[in-house]
Amino acid sequence: MTRLRLLLLLVISSVIGSLALLLPGCFKNPRELVLGEWQEVNKLGYVEVTDSTARWRGGNYKATFHYTWTQDADEPYTVEVSRNGEKWQADITFESDNEADVYLHVFDKLPTEAQDFIRQKNKARNRPETELRMRFRRILPEK
């Protein structure tokens, strides 16, 4: 009986030791993961993200947004974005280290024409009509 207990104790401790070695690599800090240069998948623009700013450039439009983390413990992570005195929230989820989905809570702040356009696109894709979601891929440096 004591050999069985000893064997069981060894198996459990080896499983716990293995998990302790493997799990820290699975949980990445979103504050570090978000940094870098990203491209919107439909090539609408590029975003360069630093620790407190996101610089958007696309077409003839350039803008700088400031952000602060409001929730970085669980996905979706939440940031408060501000520009020109206006503030709104955005939820971020990471599909991988190099893919991110950003759900912007700005639908009610958009012009009516833009709202109608987004409603039509979302309806065609069977998505909620007021959802403004963008998918980004990291721009990896050339090797």
# chains A, B, ... in the order shown; residues from 1 in each chain; ligands from 1
$ select_by_dssp --residues "stretch 2-123 of chain A" --states "helix (DSSP H, G or I)" --output "ChimeraX atom specification"
/A:2-26,30-33,107-109,112-123
$ closest_atom_pairs --of "stretch 28-70 of chain A" --to "stretch 96-116 of chain A" --cutoff "12 Å" --atoms "only C-alpha atoms" --output "tab-separated table"
residue	atom	partner	partner_atom	distance
A:Lys28	CA	A:Asp97	CA	8.7
A:Asn29	CA	A:Asp97	CA	10.5
A:Pro30	CA	A:Asp97	CA	9.6
A:Glu32	CA	A:Asp97	CA	10.2
A:Leu33	CA	A:Asp97	CA	6.6
A:Val34	CA	A:Ala100	CA	8.4
A:Leu35	CA	A:Asp97	CA	10.6
A:Gly36	CA	A:Asn98	CA	10.0
A:Glu37	CA	A:Asn98	CA	10.1
A:Trp38	CA	A:Asn98	CA	8.5
A:Gln39	CA	A:Glu99	CA	9.6
A:Glu40	CA	A:Ala100	CA	9.5
A:Val41	CA	A:Glu99	CA	9.4
A:Val47	CA	A:Ala100	CA	11.9
$ select_by_dssp --residues "chain A" --states "strand (DSSP E or B)" --output "ChimeraX atom specification"
/A:36-40,46-49,53-58,61-71,77-83,86-96,99-104,133-138
$ closest_atom_pairs --of "stretch 72-118 of chain A" --to "stretch 49-62 of chain A" --cutoff "12 Å" --atoms "only C-alpha atoms" --output "CSV"
residue,atom,partner,partner_atom,distance
A:Val79,CA,A:Ser52,CA,10.3
A:Glu80,CA,A:Ser52,CA,10.5
A:Val81,CA,A:Thr53,CA,9.0
A:Ser82,CA,A:Thr53,CA,9.5
A:Arg83,CA,A:Thr53,CA,10.2
$ closest_residue --among "A:Ile118, A:Ala124, A:Leu44, A:Leu132" --to "A:Gln89" --atoms "only C-alpha atoms"
A:Leu132
$ atom_distance --atom1 "atom CA of A:Arg119" --atom2 "atom CA of A:Glu131"
8.1 Å
$ closest_residue --among "A:Arg127, A:Phe117, A:Leu140, A:Asn84" --to "A:Ala63" --atoms "only C-alpha atoms"
A:Asn84
$ atom_distance --atom1 "atom CA of A:Tyr77" --atom2 "atom CA of A:Thr93"
6.4 Å
